[in-house]
Structures are given as C-alpha cells and as structure tokens.
Amino acid sequence: MSELILDPSLMSELTLQDQKSLGTNQKNTIQISWAQDENEIREAQQLRYKVFAEEMGAHLTSNYEKIDKDILDQYCDHLLIRDTETLKVIGTYRVLPPHKAREAGFYYSDLEFHLDRLMHLSDKMVEVGRSCVHKDFRTGGVIMALWSGLADYMKKNNYEVMIGCASVPMGDGGHYAASLAKKINASHLSPSEYRVTPKLPLPIHELDQDLDVEPPALLKGYLRVGAKVCGDPAWDPDFNTADFLTMFFLKDIHPRYAKHFLV
C-alpha cells in the first residue's frame, strides 16, 4: 500500500489562507489527539478503508472487516483528527518511531526501497504513512492540523527525521510520474549520501519525461516545507502508483512554515 499521498486530485493546495484557517475558524471544530487504545486505532483503520478501498479502489486484505490493517499498525502511533461536533475521526497518520521499528524489524519503505544509506539515522528517524482525510473535510486546515500534530510529536520525542513513500497515480501509464521524477531530480533531490534504490524501479527511460507537470498538491506542500526526495521512484504494480521516498529533516523546515508547526 502506498504511503503519505492519497489521490493527489483529492487534496487541497496549501495556501496562506489555509494556514490561517487552522488558527481561526477551525480551531473549535477539529481536535488533534493520539489513539489511546485498540478502539481508537480501529477508527483510524476504518477511515483508511473508506478512503483507500472505497474511494481509490485499493485491494485490501481485510476487506471483509471494512478496515485497512497491516502488521505495522500494532507498532505505530496513530494521529487522529476528530470533528468535535460528531467526534468522528476525519483525518489520520500513522507514525513508526525508532524503537518500534527495531521491534518490528522493518519499515514499510523497506518493502519498496533499499534503505541502507539511511540506517545511520535510525535512532532519530520516524516513518510516517497511511495519511488520509475524509472526503467531506479536505481543507487546508485539516491537513495543517495533521502536520502540526506530527511536528509536535517530533519535538516532544527529540526525533529529527521523517521518511515516507509519496505515491503518484499512474493512470496515464507512468508518463506523468516519469516527468515528475525528472523535475524533482533537478530541484528537490536529497544529498547523495541519502539516496536510496528502488527494488522495482519505475522504467523512467522508457517513458515520456518531458511533460510539463507540477507535483500533486500534498507532495508540493511537503517540498515547500523543506522535504527532499531520495532518488528515483519505485513502481507499485498492485496499486498502479509510482512511489517516491521522501525525507524531511525537522531542522530544515522553511521559515515561512516554522511558526505554524514549531510552536
């Protein structure tokens, strides 16, 4: 299953007005918390199923339960955004912290990339993924609330690095993803010491790399904040996506956004 990015067309562009909305009209209608028990984790899994399976058509192994669940869920912390009027979970991320990654024995990203060059960072590195927002609440404010929750988590636990797989749909056969990879490589590529190798590479050189493309809205948001992409994308044929391993050092957050996250 792809991580970090949903169908890019579903996510709102993050603008300055979106940033203001987190601190004004939405502060009394959404609540940021972390799952405290199995019931709350299940609420996140139900939202993930609704978005990934029912909206995006992903084939999930736990379809009969109408939840999205895998072995890493038991090791992760689950960030929840609730609508305070209904108390329903409307947004979620899952976070795999360093000690739990060691206990699990792998990161989700290990399934798609060789992560050897990143392992020296593992004591301060968390993996984020399974992000989703209910279709009725896809506003910049909810996305900013998710990011604010992640930033607070990083600061409180003295973590320094986030990684995760950013997925791009390949409905056009992969030409958009190949062109995006070329554009990212020219402007947002990580330093060479943080490069990774995909286990099943997207065949970029067999595809059109010269389309005039922009990153999906949420990925564009990550790049604006200061994230980098760690090399060429992997190909996930089961979900028909190209997956970019994205890395973000908290110290590199763009000053424009620091005041919204690092408070």
# chains A, B, ... in the order shown; residues from 1 in each chain; ligands from 1
call {"tool": "closest_atom_pairs", "arguments": {"of": "range 66-124 of chain A", "to": "range 223-236 of chain A", "cutoff": "12 Å", "atoms": "only C-alpha atoms", "output": "CSV"}}
result
residue,atom,partner,partner_atom,distance
A:Ser109,CA,A:Ala234,CA,10.2
A:Asp110,CA,A:Ala234,CA,11.3
A:Leu111,CA,A:Ala234,CA,10.0
A:Glu112,CA,A:Ala234,CA,6.3
A:Phe113,CA,A:Ala234,CA,7.3
A:His114,CA,A:Ala234,CA,10.6
A:Leu115,CA,A:Cys230,CA,10.0
A:Arg117,CA,A:Cys230,CA,10.2
A:Leu118,CA,A:Cys230,CA,9.9
call {"tool": "write_last_selection", "arguments": {"atoms": "C-alpha atoms", "output": "JSON list (two decimals), in the first residue's frame"}}
result
[["chain", "number", "residue", "atom", "x", "y", "z"],
["A", 109, "SER", "CA", 9.54, 1.68, 3.00],
["A", 110, "ASP", "CA", 11.79, -1.41, 3.18],
["A", 111, "LEU", "CA", 9.22, -3.17, 1.01],
["A", 112, "GLU", "CA", 9.96, -0.80, -1.88],
["A", 113, "PHE", "CA", 13.46, 0.60, -1.35],
["A", 114, "HIS", "CA", 16.93, -0.38, -0.18],
["A", 115, "LEU", "CA", 17.31, 1.90, 2.86],
["A", 117, "ARG", "CA", 22.15, 4.69, 3.40],
["A", 118, "LEU", "CA", 19.57, 5.95, 5.88]]
call {"tool": "closest_residue", "arguments": {"among": "A:Arg256, A:Arg82, A:Lys66, A:Lys251", "to": "Ala145 in chain A", "atoms": "only C-alpha atoms"}}
result
A:Arg82
call {"tool": "atom_distance", "arguments": {"atom1": "CA of Asp252 in chain A", "atom2": "CA of Val133 in chain A"}}
result
25.9 Å
call {"tool": "closest_atom_pairs", "arguments": {"of": "range 106-185 of chain A", "to": "range 215-218 of chain A", "cutoff": "9 Å", "atoms": "only C-alpha atoms", "output": "tab-separated table"}}
result
residue	atom	partner	partner_atom	distance
A:Ile143	CA	A:Leu218	CA	8.8
A:Val168	CA	A:Pro216	CA	7.6
A:Leu180	CA	A:Pro215	CA	6.6
A:Lys183	CA	A:Pro215	CA	9.0
A:Ile184	CA	A:Pro215	CA	8.5
call {"tool": "atom_distance", "arguments": {"atom1": "CA of Thr139 in chain A", "atom2": "CA of Gln74 in chain A"}}
result
29.0 Å
call {"tool": "decode", "arguments": {"residues": "range 129-254 of chain A", "atoms": "C-alpha atoms", "output": "mmCIF file, in the first residue's frame"}}
result
data_model
loop_
_atom_site.group_PDB
_atom_site.id
_atom_site.type_symbol
_atom_site.label_atom_id
_atom_site.label_comp_id
_atom_site.auth_asym_id
_atom_site.auth_seq_id
_atom_site.Cartn_x
_atom_site.Cartn_y
_atom_site.Cartn_z
ATOM 1 C CA GLY A 129 2.335 6.950 6.332
ATOM 2 C CA ARG A 130 -1.263 5.863 5.795
ATOM 3 C CA SER A 131 -2.315 9.511 5.664
ATOM 4 C CA CYS A 132 -5.888 10.184 4.747
ATOM 5 C CA VAL A 133 -8.652 12.737 5.244
ATOM 6 C CA HIS A 134 -12.398 12.096 4.975
ATOM 7 C CA LYS A 135 -13.766 13.406 1.683
ATOM 8 C CA ASP A 136 -16.040 15.913 3.444
ATOM 9 C CA PHE A 137 -13.165 17.568 5.322
ATOM 10 C CA ARG A 138 -10.377 18.031 2.788
ATOM 11 C CA THR A 139 -9.421 21.555 3.695
ATOM 12 C CA GLY A 140 -6.027 23.089 4.240
ATOM 13 C CA GLY A 141 -6.830 23.467 7.928
ATOM 14 C CA VAL A 142 -7.241 19.719 8.482
ATOM 15 C CA ILE A 143 -4.014 18.965 6.607
ATOM 16 C CA MET A 144 -2.197 21.615 8.604
ATOM 17 C CA ALA A 145 -3.585 20.093 11.812
ATOM 18 C CA LEU A 146 -2.115 16.727 10.805
ATOM 19 C CA TRP A 147 1.250 18.307 10.081
ATOM 20 C CA SER A 148 1.144 20.298 13.315
ATOM 21 C CA GLY A 149 0.496 17.088 15.245
ATOM 22 C CA LEU A 150 3.456 15.413 13.558
ATOM 23 C CA ALA A 151 5.764 18.338 14.281
ATOM 24 C CA ASP A 152 4.737 18.368 17.950
ATOM 25 C CA TYR A 153 5.371 14.614 18.152
ATOM 26 C CA MET A 154 8.837 15.043 16.657
ATOM 27 C CA LYS A 155 9.766 17.843 19.044
ATOM 28 C CA LYS A 156 8.490 16.142 22.198
ATOM 29 C CA ASN A 157 10.383 12.933 21.424
ATOM 30 C CA ASN A 158 13.557 14.608 20.110
ATOM 31 C CA TYR A 159 13.219 12.960 16.701
ATOM 32 C CA GLU A 160 14.905 14.706 13.799
ATOM 33 C CA VAL A 161 13.976 12.964 10.533
ATOM 34 C CA MET A 162 10.764 11.790 8.870
ATOM 35 C CA ILE A 163 10.611 9.426 5.905
ATOM 36 C CA GLY A 164 7.690 8.026 3.934
ATOM 37 C CA CYS A 165 6.584 6.889 0.485
ATOM 38 C CA ALA A 166 4.817 9.584 -1.541
ATOM 39 C CA SER A 167 2.581 7.928 -4.120
ATOM 40 C CA VAL A 168 1.660 9.267 -7.548
ATOM 41 C CA PRO A 169 -1.060 7.554 -9.625
ATOM 42 C CA MET A 170 -0.120 6.089 -12.997
ATOM 43 C CA GLY A 171 -3.396 6.244 -14.861
ATOM 44 C CA ASP A 172 -1.562 7.581 -17.910
ATOM 45 C CA GLY A 173 0.864 4.678 -17.973
ATOM 46 C CA GLY A 174 3.531 6.425 -15.911
ATOM 47 C CA HIS A 175 4.443 9.378 -18.148
ATOM 48 C CA TYR A 176 3.339 11.933 -15.575
ATOM 49 C CA ALA A 177 5.358 10.179 -12.867
ATOM 50 C CA ALA A 178 8.443 9.954 -15.092
ATOM 51 C CA SER A 179 8.243 13.644 -15.982
ATOM 52 C CA LEU A 180 7.734 14.498 -12.324
ATOM 53 C CA ALA A 181 10.785 12.434 -11.369
ATOM 54 C CA LYS A 182 12.901 14.376 -13.854
ATOM 55 C CA LYS A 183 11.625 17.690 -12.486
ATOM 56 C CA ILE A 184 12.169 16.675 -8.857
ATOM 57 C CA ASN A 185 15.669 15.421 -9.630
ATOM 58 C CA ALA A 186 16.533 18.876 -10.924
ATOM 59 C CA SER A 187 15.319 20.786 -7.877
ATOM 60 C CA HIS A 188 14.385 18.715 -4.819
ATOM 61 C CA LEU A 189 16.749 15.744 -4.744
ATOM 62 C CA SER A 190 18.349 14.800 -1.436
ATOM 63 C CA PRO A 191 22.127 14.934 -0.972
ATOM 64 C CA SER A 192 23.834 11.867 -2.437
ATOM 65 C CA GLU A 193 24.512 10.342 0.986
ATOM 66 C CA TYR A 194 20.757 9.960 1.496
ATOM 67 C CA ARG A 195 19.901 8.359 -1.849
ATOM 68 C CA VAL A 196 18.003 5.076 -1.955
ATOM 69 C CA THR A 197 17.483 2.490 -4.675
ATOM 70 C CA PRO A 198 14.018 1.215 -5.597
ATOM 71 C CA LYS A 199 13.590 -2.549 -5.547
ATOM 72 C CA LEU A 200 11.246 -2.377 -8.548
ATOM 73 C CA PRO A 201 12.172 0.844 -10.352
ATOM 74 C CA LEU A 202 9.707 2.753 -12.459
ATOM 75 C CA PRO A 203 11.136 2.389 -16.016
ATOM 76 C CA ILE A 204 11.631 6.145 -16.379
ATOM 77 C CA HIS A 205 13.770 5.974 -19.500
ATOM 78 C CA GLU A 206 11.067 4.070 -21.371
ATOM 79 C CA LEU A 207 8.525 6.803 -20.620
ATOM 80 C CA ASP A 208 7.958 10.399 -21.672
ATOM 81 C CA GLN A 209 9.966 12.587 -19.274
ATOM 82 C CA ASP A 210 9.257 15.907 -20.946
ATOM 83 C CA LEU A 211 5.679 16.649 -19.953
ATOM 84 C CA ASP A 212 5.038 19.999 -18.286
ATOM 85 C CA VAL A 213 3.963 18.749 -14.856
ATOM 86 C CA GLU A 214 3.530 20.006 -11.314
ATOM 87 C CA PRO A 215 3.759 17.836 -8.177
ATOM 88 C CA PRO A 216 0.469 16.707 -6.648
ATOM 89 C CA ALA A 217 -0.847 19.217 -4.133
ATOM 90 C CA LEU A 218 0.206 17.435 -0.948
ATOM 91 C CA LEU A 219 3.643 16.476 -2.298
ATOM 92 C CA LYS A 220 4.093 20.088 -3.353
ATOM 93 C CA GLY A 221 3.278 21.029 0.225
ATOM 94 C CA TYR A 222 5.949 18.677 1.561
ATOM 95 C CA LEU A 223 8.541 20.116 -0.812
ATOM 96 C CA ARG A 224 7.626 23.679 0.149
ATOM 97 C CA VAL A 225 8.057 22.873 3.818
ATOM 98 C CA GLY A 226 11.568 21.590 3.100
ATOM 99 C CA ALA A 227 11.333 17.872 2.277
ATOM 100 C CA LYS A 228 13.603 16.191 -0.261
ATOM 101 C CA VAL A 229 13.138 13.140 -2.478
ATOM 102 C CA CYS A 230 15.733 10.390 -2.089
ATOM 103 C CA GLY A 231 16.041 9.271 -5.712
ATOM 104 C CA ASP A 232 14.028 7.654 -8.476
ATOM 105 C CA PRO A 233 10.564 6.254 -7.728
ATOM 106 C CA ALA A 234 9.613 2.641 -7.176
ATOM 107 C CA TRP A 235 6.785 1.068 -9.143
ATOM 108 C CA ASP A 236 3.909 -0.479 -7.210
ATOM 109 C CA PRO A 237 2.001 -2.525 -9.823
ATOM 110 C CA ASP A 238 -0.615 -3.717 -7.320
ATOM 111 C CA PHE A 239 -1.817 -0.164 -6.743
ATOM 112 C CA ASN A 240 -0.648 1.276 -10.086
ATOM 113 C CA THR A 241 1.403 4.022 -8.439
ATOM 114 C CA ALA A 242 4.908 5.427 -8.612
ATOM 115 C CA ASP A 243 6.260 5.844 -5.087
ATOM 116 C CA PHE A 244 8.860 8.480 -4.200
ATOM 117 C CA LEU A 245 10.760 8.059 -0.936
ATOM 118 C CA THR A 246 10.532 11.452 0.743
ATOM 119 C CA MET A 247 12.740 12.641 3.605
ATOM 120 C CA PHE A 248 12.343 15.639 5.870
ATOM 121 C CA PHE A 249 14.763 16.941 8.491
ATOM 122 C CA LEU A 250 12.860 18.993 11.055
ATOM 123 C CA LYS A 251 15.761 21.473 11.237
ATOM 124 C CA ASP A 252 15.293 22.213 7.526
ATOM 125 C CA ILE A 253 11.712 23.420 7.824
ATOM 126 C CA HIS A 254 11.179 26.519 5.705
#
